[in-house]
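Content type compact mmCIF, C-alpha atoms and all ligand atoms, from the file query18.txt:
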# COMPACT_ATOMS: atom_id res chain seq x y z
CA MET Z 1 51.32 51.24 90.85
CA ARG Z 2 54.98 51.54 89.95
CA TRP Z 3 56.73 48.23 89.26
CA GLY Z 4 60.39 47.26 89.57
CA ILE Z 5 61.89 44.24 87.84
CA LEU Z 6 64.34 42.10 89.76
CA SER Z 7 67.03 41.22 87.20
CA THR Z 8 67.40 41.35 83.45
CA ALA Z 9 65.84 37.87 82.99
CA ASN Z 10 64.71 37.02 79.49
CA ILE Z 11 61.12 36.56 80.54
CA GLY Z 12 61.08 40.19 81.63
CA ARG Z 13 60.82 41.11 77.94
CA LYS Z 14 57.45 39.39 77.62
CA LEU Z 15 56.22 40.87 80.86
CA ILE Z 16 57.21 44.37 79.77
CA ALA Z 17 55.38 43.92 76.45
CA GLY Z 18 52.29 42.80 78.38
CA ALA Z 19 52.61 45.73 80.80
CA ARG Z 20 52.69 48.12 77.87
CA VAL Z 21 49.47 46.70 76.42
CA ALA Z 22 47.78 46.75 79.85
CA GLY Z 23 48.97 50.28 80.70
CA VAL Z 24 51.04 49.10 83.68
CA GLU Z 25 54.02 51.28 84.68
CA ILE Z 26 57.48 49.71 84.82
CA ALA Z 27 59.53 52.24 86.77
CA ALA Z 28 62.85 50.52 87.50
CA VAL Z 29 65.06 47.49 87.01
CA GLY Z 30 67.77 46.06 89.26
CA SER Z 31 70.62 43.87 88.07
CA ARG Z 32 73.74 42.34 89.61
CA ASP Z 33 75.56 44.07 86.75
CA GLU Z 34 74.93 47.78 86.23
CA ALA Z 35 75.88 47.80 82.54
CA ARG Z 36 73.55 44.89 81.85
CA GLY Z 37 70.80 46.65 83.78
CA ARG Z 38 71.43 49.88 81.84
CA ALA Z 39 71.29 48.12 78.48
CA PHE Z 40 68.05 46.36 79.48
CA ALA Z 41 66.52 49.65 80.69
CA ASP Z 42 67.53 51.47 77.49
CA GLU Z 43 66.09 48.71 75.32
CA HIS Z 44 62.75 48.82 77.14
CA GLY Z 45 62.48 52.48 78.04
CA ILE Z 46 62.69 51.87 81.81
CA PRO Z 47 63.50 55.13 83.63
CA ARG Z 48 65.67 53.93 86.57
CA VAL Z 49 68.44 51.35 86.92
CA HIS Z 50 69.82 49.93 90.16
CA ALA Z 51 73.18 48.18 90.37
CA SER Z 52 71.94 45.62 92.90
CA TYR Z 53 68.72 43.90 93.89
CA GLU Z 54 69.01 45.48 97.36
CA ALA Z 55 69.08 48.96 95.81
CA LEU Z 56 65.95 48.21 93.79
CA LEU Z 57 64.13 47.07 96.93
CA ALA Z 58 65.20 50.29 98.69
CA ASP Z 59 63.71 52.45 95.89
CA GLY Z 60 60.90 54.40 97.55
CA GLU Z 61 59.29 55.09 94.18
CA VAL Z 62 58.66 51.41 93.51
CA ASP Z 63 55.45 49.88 94.91
CA ALA Z 64 55.66 46.35 93.54
CA ILE Z 65 58.33 43.90 92.43
CA TYR Z 66 58.23 41.38 89.61
CA ASN Z 67 60.57 38.54 90.57
CA PRO Z 68 61.79 36.46 87.59
CA LEU Z 69 64.97 35.17 89.24
CA PRO Z 70 66.06 31.52 88.87
CA ASN Z 71 63.76 29.17 90.77
CA SER Z 72 65.87 28.74 93.92
CA LEU Z 73 65.82 32.53 94.43
CA HIS Z 74 62.06 32.98 94.11
CA VAL Z 75 61.18 32.68 97.79
CA PRO Z 76 64.27 34.33 99.34
CA TRP Z 77 64.02 37.47 97.18
CA SER Z 78 60.23 37.63 97.33
CA ILE Z 79 60.48 37.64 101.13
CA LYS Z 80 63.11 40.42 101.01
CA ALA Z 81 60.87 42.45 98.71
CA LEU Z 82 57.82 41.94 100.95
CA GLU Z 83 59.86 42.93 104.00
CA ALA Z 84 60.87 46.07 102.12
CA GLY Z 85 57.16 46.89 101.83
CA LYS Z 86 56.66 45.90 98.18
CA HIS Z 87 53.88 43.83 96.67
CA VAL Z 88 55.30 40.88 94.72
CA LEU Z 89 54.49 39.00 91.55
CA CYS Z 90 56.81 35.96 91.73
CA GLU Z 91 57.57 33.82 88.69
CA LYS Z 92 56.40 30.24 88.61
CA PRO Z 93 56.95 27.88 90.25
CA MET Z 94 57.18 29.78 93.51
CA SER Z 95 58.90 26.76 95.03
CA ARG Z 96 58.90 22.95 95.12
CA ASP Z 97 58.99 23.19 98.91
CA VAL Z 98 55.67 23.65 100.72
CA GLU Z 99 57.33 25.19 103.79
CA GLN Z 100 59.07 27.81 101.65
CA VAL Z 101 55.72 28.79 100.13
CA GLU Z 102 54.24 29.08 103.64
CA ARG Z 103 57.16 31.31 104.66
CA ALA Z 104 56.65 33.57 101.65
CA PHE Z 105 52.93 34.06 102.33
CA ASP Z 106 53.61 34.54 106.06
CA ALA Z 107 55.97 37.35 105.07
CA ALA Z 108 53.26 38.84 102.82
CA ASP Z 109 50.72 38.72 105.65
CA ALA Z 110 53.16 40.20 108.16
CA ALA Z 111 53.92 43.06 105.76
CA GLY Z 112 50.30 43.51 104.70
CA ARG Z 113 51.35 43.16 101.07
CA VAL Z 114 50.06 41.10 98.12
CA LEU Z 115 52.04 38.11 96.85
CA MET Z 116 51.06 36.14 93.76
CA GLU Z 117 52.67 33.31 91.76
CA ALA Z 118 52.94 34.29 88.10
CA PHE Z 119 51.06 31.51 86.31
CA MET Z 120 50.12 33.84 83.47
CA TRP Z 121 48.18 31.14 81.56
CA ARG Z 122 45.50 31.31 84.27
CA PHE Z 123 44.70 34.88 83.13
CA HIS Z 124 44.05 34.04 79.48
CA VAL Z 125 40.43 34.07 78.29
CA GLN Z 126 41.09 30.70 76.66
CA THR Z 127 41.67 29.17 80.11
CA ALA Z 128 38.44 30.67 81.44
CA ARG Z 129 36.57 29.27 78.44
CA VAL Z 130 37.94 25.76 78.99
CA VAL Z 131 36.95 25.88 82.67
CA GLU Z 132 33.45 27.05 81.70
CA LEU Z 133 33.02 24.27 79.13
CA VAL Z 134 34.09 21.60 81.63
CA ARG Z 135 32.12 22.98 84.61
CA ASP Z 136 28.95 23.56 82.56
CA GLY Z 137 28.88 19.94 81.43
CA GLY Z 138 29.99 20.70 77.87
CA ILE Z 139 31.96 17.45 77.68
CA GLY Z 140 29.75 15.35 79.97
CA ARG Z 141 31.48 13.94 83.05
CA LEU Z 142 35.21 14.64 83.30
CA ARG Z 143 37.14 11.38 82.87
CA HIS Z 144 40.76 12.07 81.91
CA ILE Z 145 43.19 14.91 81.28
CA ASN Z 146 46.35 14.68 79.22
CA ALA Z 147 48.81 17.57 79.21
CA ARG Z 148 52.19 18.17 77.62
CA PHE Z 149 54.83 20.87 77.55
CA GLY Z 150 58.34 20.45 76.23
CA PHE Z 151 61.13 21.98 74.21
CA ASN Z 152 64.72 21.32 73.28
CA LEU Z 153 67.47 23.11 75.22
CA ASP Z 154 71.17 22.25 74.97
CA PRO Z 155 72.34 20.91 78.37
CA GLY Z 156 75.69 22.62 77.70
CA SER Z 157 74.11 26.04 77.19
CA GLY Z 158 74.63 27.13 80.79
CA ASN Z 159 70.93 27.91 81.00
CA VAL Z 160 69.50 28.14 84.54
CA ARG Z 161 67.08 25.33 83.67
CA TRP Z 162 69.91 22.76 83.61
CA ASP Z 163 71.37 23.99 86.92
CA GLU Z 164 70.57 21.81 89.93
CA SER Z 165 71.68 24.45 92.45
CA LEU Z 166 69.18 26.91 90.96
CA GLU Z 167 66.40 24.28 91.07
CA GLY Z 168 66.13 23.81 87.34
CA GLY Z 169 64.46 20.81 85.71
CA ALA Z 170 61.63 20.10 83.30
CA LEU Z 171 58.97 19.71 85.98
CA MET Z 172 59.94 23.00 87.60
CA ASP Z 173 60.14 24.82 84.27
CA VAL Z 174 57.25 23.51 82.18
CA GLY Z 175 55.70 20.49 83.86
CA CYS Z 176 54.37 22.84 86.55
CA TYR Z 177 51.95 24.20 83.89
CA CYS Z 178 50.62 20.69 83.32
CA VAL Z 179 50.16 20.33 87.08
CA SER Z 180 48.43 23.71 87.21
CA GLY Z 181 46.13 22.73 84.33
CA MET Z 182 45.13 19.40 85.81
CA ARG Z 183 44.51 20.88 89.24
CA LEU Z 184 42.40 23.68 87.78
CA LEU Z 185 40.10 21.21 86.04
CA ALA Z 186 40.14 18.15 88.31
CA GLY Z 187 41.00 19.48 91.77
CA GLU Z 188 43.77 18.09 93.95
CA PRO Z 189 45.29 14.71 93.06
CA VAL Z 190 45.03 11.93 95.63
CA ARG Z 191 47.91 9.83 94.23
CA VAL Z 192 50.76 10.47 91.81
CA SER Z 193 53.55 8.47 90.22
CA ALA Z 194 56.30 9.59 87.89
CA GLU Z 195 59.37 8.61 85.89
CA ARG Z 196 62.21 11.06 85.44
CA VAL Z 197 65.18 11.06 83.09
CA GLY Z 198 68.33 13.05 83.84
CA GLU Z 199 71.17 12.97 86.31
CA ARG Z 200 71.34 16.31 88.06
CA VAL Z 201 68.02 17.80 87.00
CA ASP Z 202 65.05 16.11 85.37
CA GLY Z 203 65.55 16.67 81.65
CA ARG Z 204 62.27 14.88 81.16
CA LEU Z 205 59.48 13.68 83.43
CA ALA Z 206 56.30 11.74 82.75
CA ALA Z 207 53.56 11.32 85.32
CA VAL Z 208 50.28 9.61 86.11
CA LEU Z 209 47.82 11.23 88.54
CA ARG Z 210 44.59 10.09 90.12
CA PHE Z 211 41.93 12.54 91.29
CA GLU Z 212 38.71 12.26 93.29
CA GLY Z 213 35.73 10.90 91.35
CA ASP Z 214 37.81 8.40 89.36
CA VAL Z 215 39.32 11.14 87.19
CA THR Z 216 42.75 10.23 85.82
CA GLY Z 217 45.50 12.38 84.36
CA THR Z 218 48.78 11.96 82.52
CA PHE Z 219 51.39 14.49 81.48
CA ASP Z 220 54.89 14.71 80.10
CA CYS Z 221 57.36 17.55 80.19
CA GLY Z 222 60.85 17.78 78.80
CA MET Z 223 63.81 19.95 77.93
CA ASP Z 224 65.23 17.43 75.43
CA VAL Z 225 62.29 16.99 73.08
CA TYR Z 226 60.91 18.54 69.94
CA PRO Z 227 58.74 21.48 71.11
CA ARG Z 228 55.34 20.27 72.22
CA SER Z 229 52.42 21.69 74.12
CA GLY Z 230 48.78 20.77 74.47
CA LEU Z 231 45.93 19.99 76.77
CA GLU Z 232 43.32 17.32 76.14
CA VAL Z 233 40.28 17.21 78.41
CA VAL Z 234 38.29 14.01 78.02
CA GLY Z 235 34.67 13.69 79.14
CA ASP Z 236 32.27 10.80 78.65
CA ASP Z 237 30.40 12.84 76.04
CA ALA Z 238 33.04 14.93 74.27
CA THR Z 239 36.72 15.87 74.27
CA LEU Z 240 38.38 19.29 74.25
CA TRP Z 241 41.73 19.78 72.54
CA ILE Z 242 43.72 22.96 73.14
CA ALA Z 243 46.88 23.11 71.07
CA ASP Z 244 48.39 26.19 72.73
CA PRO Z 245 47.07 26.17 76.29
CA TRP Z 246 50.04 27.65 78.15
CA HIS Z 247 51.06 30.69 76.09
CA GLY Z 248 47.76 31.18 74.29
CA VAL Z 249 49.46 32.99 71.43
CA THR Z 250 47.33 31.06 68.93
CA PRO Z 251 44.27 30.33 71.05
CA GLY Z 252 41.40 28.10 70.01
CA ILE Z 253 39.57 25.10 71.46
CA VAL Z 254 38.52 22.10 69.41
CA MET Z 255 35.50 20.19 70.70
CA GLN Z 256 35.23 16.63 69.41
CA ARG Z 257 31.78 15.08 69.73
CA ASP Z 258 29.85 12.40 67.83
CA LEU Z 259 32.95 11.81 65.66
CA GLY Z 260 32.79 15.43 64.45
CA GLU Z 261 34.76 18.54 65.35
CA GLU Z 262 33.72 22.08 66.26
CA ARG Z 263 36.30 24.86 66.65
CA ILE Z 264 35.59 27.38 69.40
CA GLU Z 265 37.42 30.61 68.63
CA VAL Z 266 38.96 32.52 71.51
CA GLU Z 267 40.20 36.08 71.62
CA ALA Z 268 44.01 36.47 71.75
CA VAL Z 269 44.99 38.41 74.87
CA ASP Z 270 48.31 39.12 76.52
CA PRO Z 271 48.18 37.16 79.79
CA TYR Z 272 51.31 38.84 81.17
CA GLY Z 273 49.53 42.19 81.30
CA GLN Z 274 46.50 40.54 82.87
CA GLU Z 275 48.48 38.99 85.74
CA LEU Z 276 49.98 42.40 86.54
CA LEU Z 277 46.50 43.93 86.54
CA GLU Z 278 45.29 41.18 88.88
CA VAL Z 279 47.96 42.08 91.46
CA GLU Z 280 47.04 45.75 91.12
CA ALA Z 281 43.34 44.94 91.58
CA ALA Z 282 44.05 42.79 94.65
CA VAL Z 283 46.02 45.68 96.16
CA SER Z 284 43.40 48.34 95.44
CA GLU Z 285 40.48 46.14 96.53
CA GLY Z 286 42.29 44.87 99.65
CA ARG Z 287 41.73 41.19 98.79
CA PRO Z 288 43.94 38.15 98.11
CA PRO Z 289 44.90 37.72 94.46
CA ARG Z 290 43.17 35.03 92.39
CA LEU Z 291 46.25 32.83 92.73
CA ASP Z 292 46.51 32.91 96.51
CA ARG Z 293 48.34 31.09 99.30
CA ALA Z 294 46.19 27.95 99.02
CA GLU Z 295 46.81 27.78 95.27
CA SER Z 296 50.60 28.09 95.53
CA LEU Z 297 50.74 25.64 98.43
CA ALA Z 298 48.75 23.08 96.46
CA GLN Z 299 51.05 23.53 93.46
CA ALA Z 300 54.17 23.00 95.59
CA ARG Z 301 52.62 19.97 97.31
CA VAL Z 302 52.01 18.22 93.98
CA ILE Z 303 55.43 19.11 92.53
CA ALA Z 304 57.13 17.78 95.67
CA ALA Z 305 55.05 14.58 95.53
CA LEU Z 306 55.92 14.04 91.86
CA TYR Z 307 59.65 14.39 92.53
CA ARG Z 308 59.35 12.03 95.50
CA ALA Z 309 57.44 9.51 93.41
CA ALA Z 310 60.07 9.67 90.66
CA ASP Z 311 63.02 9.48 93.07
CA GLU Z 312 61.59 6.63 95.14
CA GLY Z 313 60.08 4.71 92.22
CA ARG Z 314 56.66 4.36 93.84
CA ALA Z 315 53.25 5.98 93.86
CA VAL Z 316 52.86 8.75 96.44
CA THR Z 317 49.55 9.39 98.19
CA LEU Z 318 48.71 13.00 99.00
N1 LIG B 401 55.75 32.78 82.87
C1 LIG B 401 56.46 32.49 81.81
O1 LIG B 401 55.99 32.51 80.68
C2 LIG B 401 57.91 32.17 81.98
C3 LIG B 401 58.70 31.97 80.86
C4 LIG B 401 60.07 31.77 81.02
C5 LIG B 401 60.61 31.73 82.30
N2 LIG B 401 59.81 31.88 83.38
C6 LIG B 401 60.38 31.84 84.74
O2 LIG B 401 61.15 33.01 84.90
C7 LIG B 401 62.33 32.72 85.65
C8 LIG B 401 63.53 33.19 84.86
O3 LIG B 401 63.62 32.51 83.63
P1 LIG B 401 64.46 33.12 82.41
O4 LIG B 401 64.54 32.13 81.35
O5 LIG B 401 63.94 34.46 82.08
O6 LIG B 401 65.91 33.22 83.12
P2 LIG B 401 67.21 33.98 82.69
O7 LIG B 401 67.03 34.68 81.39
O8 LIG B 401 68.34 33.02 82.85
O9 LIG B 401 67.32 35.13 83.78
C9 LIG B 401 67.52 34.92 85.13
C10 LIG B 401 68.12 36.22 85.69
O10 LIG B 401 68.34 36.04 87.06
C11 LIG B 401 69.47 36.79 87.46
N3 LIG B 401 70.30 35.90 88.30
C12 LIG B 401 70.52 36.05 89.62
N4 LIG B 401 71.28 35.08 90.10
C13 LIG B 401 71.58 34.27 89.06
C14 LIG B 401 72.36 33.10 88.95
N5 LIG B 401 72.98 32.55 89.98
N6 LIG B 401 72.45 32.53 87.73
C15 LIG B 401 71.81 33.07 86.66
N7 LIG B 401 71.05 34.18 86.72
C16 LIG B 401 70.95 34.79 87.92
C17 LIG B 401 70.19 37.28 86.21
O11 LIG B 401 69.93 38.70 86.10
P3 LIG B 401 71.00 39.85 86.40
O12 LIG B 401 72.29 39.34 85.89
O13 LIG B 401 70.46 41.01 85.65
O14 LIG B 401 71.03 40.08 87.88
C18 LIG B 401 69.48 36.57 85.07
O15 LIG B 401 69.32 37.38 83.94
C19 LIG B 401 62.28 31.23 85.96
O16 LIG B 401 61.78 31.03 87.24
C20 LIG B 401 61.31 30.67 84.94
O17 LIG B 401 60.59 29.54 85.44
C21 LIG B 401 58.48 32.12 83.23
File written out as structure tokens:
Amino acid sequence: MRWGILSTANIGRKLIAGARVAGVEIAAVGSRDEARGRAFADEHGIPRVHASYEALLADGEVDAIYNPLPNSLHVPWSIKALEAGKHVLCEKPMSRDVEQVERAFDAADAAGRVLMEAFMWRFHVQTARVVELVRDGGIGRLRHINARFGFNLDPGSGNVRWDESLEGGALMDVGCYCVSGMRLLAGEPVRVSAERVGERVDGRLAAVLRFEGDVTGTFDCGMDVYPRSGLEVVGDDATLWIADPWHGVTPGIVMQRDLGEERIEVEAVDPYGQELLEVEAAVSEGRPPRLDRAESLAQARVIAALYRAADEGRAVTL
């Protein structure tokens, strides 16, 4: 398949590196600014440049689009790409609005094309190993999950993450990984509550979730904190600690049991290449991608509930 990249977004650099490792072809890039698009293409050895997103979508030699636009543009431009007959890998979070997610997948179905939300961490072998350990009873019964993801970004930087109109915010940017992690291991939450800090967008958000089977979860995310990431999965028999769960650049799982520690080594893989390969496999096998409509809907439902809980100052039942 031949891929086109919608914009010169920073994250495109990581995706291109992953594509190279995975042997995926990046054929074109489209930018609102031709010179910026040209410079990006030259830097990454991309053969064709389009001076608008529309022109990229009209390129008959592009089969699939990677959409790393700011959050508020994920669904509108994914729908345009699907309607132009392209398969789409859309950056996370697809949306905080359940109806928008429905609309995007309706467009994919109508066009007979594949659409997937780009939660690349789900394609890392480390993630698969954690799921295996929890599902196979490696920690006993699952009791609690604690997740974190934060970094420090100047609110005056003009970055899209601090822009309310582009649907920035800590939960949208990094907290959505914590939500994804908890849902993967504990299923869908039945009740959530949250506290947010920040005027226009949530610069920081902390949440408490309750799942079926008396499983509890807590997470914090922020754009005004010293960089932090981690996932702690607590059973009644043992605890797993993953220091780098989301990027998996330095993978490794620590199992704590009987007051001792065992380190489970995990292979370092490039998850960006793997998510591209998953879309390609879904296309060639004529099946939904691993992160399908139900998955993206569930993500959006929880994100929306967390914002509602924070805004209304009360627990929200799902
Ligand atoms: N999966 C991951 O690991 C990961 C990591 C980082 C970010 N992301 C996601 O990727 C997306 C982009 O993040 P990023 O940090 O790469 O963003 P970014 O560098 O700010 O790039 C966004 C791009 O969108 C285009 N754009 C179109 N309308 C815009 C507008 N009104 N304001 C600003 N830019 C506009 C611009 O490209 P042109 O000027 O070329 O048109 C810009 O370069 C976000 O949804 C984020 O959540 C994912």
- Could you please extract the residues within 6 Å of ligand LIG 401 (chain B), counting only C-alpha atoms and all ligand atoms, and hand them back as a ChimeraX atom specification? /Z:7-11,31-33,37,68-71,91-92,119-120,160,173
- Out of Z:Leu277, Z:Ala84, Z:Val249, Z:Ala309, which residue has the shortest atom-to-atom distance to Z:Leu57 when counting all atoms listed in the file? Z:Ala84
- So which residues are close to (68.2, 28.0, 85.2), meaning at most 12 Å away in the file's coordinates with all atoms listed in the file counted, and can you show them as a ChimeraX atom specification? /Z:9-10,68-74,153,155-170,172-173,201,223
- Message: If we count only C-alpha atoms and set the cut-off at 8 Å, which residues sit around Z:Val190, ignoring sequence neighbours fewer than 6 positions away in its own chain? Please answer as a ChimeraX atom specification.
- Response: /Z:209-212,317-318
Quick one: residues within 6 Å of (42.9, 31.6, 69.5) (file frame), counting all atoms listed in the file, please, as a PDB file with C-alpha atoms, in the coordinates of the input.
ATOM      1  CA  THR Z 250      47.330  31.060  68.930  1.00  0.00           C
ATOM      2  CA  PRO Z 251      44.270  30.330  71.050  1.00  0.00           C
ATOM      3  CA  GLY Z 252      41.400  28.100  70.010  1.00  0.00           C
ATOM      4  CA  GLU Z 265      37.420  30.610  68.630  1.00  0.00           C
ATOM      5  CA  VAL Z 266      38.960  32.520  71.510  1.00  0.00           C
ATOM      6  CA  GLU Z 267      40.200  36.080  71.620  1.00  0.00           C
ATOM      7  CA  ALA Z 268      44.010  36.470  71.750  1.00  0.00           C
TER       8      ALA Z 268
END
- Message: So the first atom is atom CA of Z:Gly286 and the second is atom CA of Z:Ile65; what is the distance between them in Å, to one decimal place?
- Response: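 Separation between atom CA of Z:Gly286 and atom CA of Z:Ile65: 17.6 Å.
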- List the neighbours of Z:Leu291 out to 9 Å using all atoms listed in the file; skip same-chain residues closer than 2 positions along the sequence, and give me the result as a PyMOL selection string. chain Z and resi 115-119+122+288-289+293-296
- Taking only C-alpha atoms into account, which of Z:Trp241, Z:Tyr53, Z:Phe40, Z:Trp121 comes nearest Z:Trp77?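 Closest residue, counting only C-alpha atoms: Z:Tyr53.
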- Task: Measuring atom to atom with all atoms listed in the file, identify which of Z:Gly45, Z:Gly18, Z:Gly140, Z:Gly4 is nearest to Z:Tyr272.
- Result: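 Residue with the minimum atom-to-atom distance to Z:Tyr272: Z:Gly18.
Minimum atom-to-atom distances from Z:Gly150, Z:Gly313, Z:Gly23, Z:Gly112 to Z:Ala194 were compared using only C-alpha atoms, and the lowest value belongs to Z:Gly313.
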- Query: Could you state the separation of atom CA of Z:Leu297 and atom CA of Z:Arg103 in Å, given to one decimal place?
  - Reply: 10.6 Å
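Of the listed residues (Z:Val208, Z:Ala108, Z:Cys178, Z:Val29), Z:Ala108 comes nearest to Z:His87; the distances count only C-alpha atoms.
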- Nearest residue to Z:Tyr307 from the set Z:Val24, Z:Ala55, Z:Val131, Z:Cys176 (distances using all atoms listed in the file):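 Using all atoms listed in the file, Z:Tyr307 sits closest to Z:Cys176.
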- Message: Can you pull out the residues contacting Z:Arg204? Cut-off 7 Å, using all atoms listed in the file, and skip same-chain residues under 3 positions away; I want them as a PyMOL selection string.
- Response: chain Z and resi 170+196-198+221-224
List as a PDB file with C-alpha atoms, in the frame of the given file the protein and nucleic acid residues near Z:Leu231, meaning an atom at most 6 Å away when all atoms listed in the file are counted, but skip any in the same chain fewer than 4 places from it.
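This went into selection19.pdb:
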ATOM      1  CA  ASN Z 146      46.350  14.680  79.220  1.00  0.00           C
ATOM      2  CA  ALA Z 147      48.810  17.570  79.210  1.00  0.00           C
ATOM      3  CA  TRP Z 241      41.730  19.780  72.540  1.00  0.00           C
ATOM      4  CA  ILE Z 242      43.720  22.960  73.140  1.00  0.00           C
TER       5      ILE Z 242
END
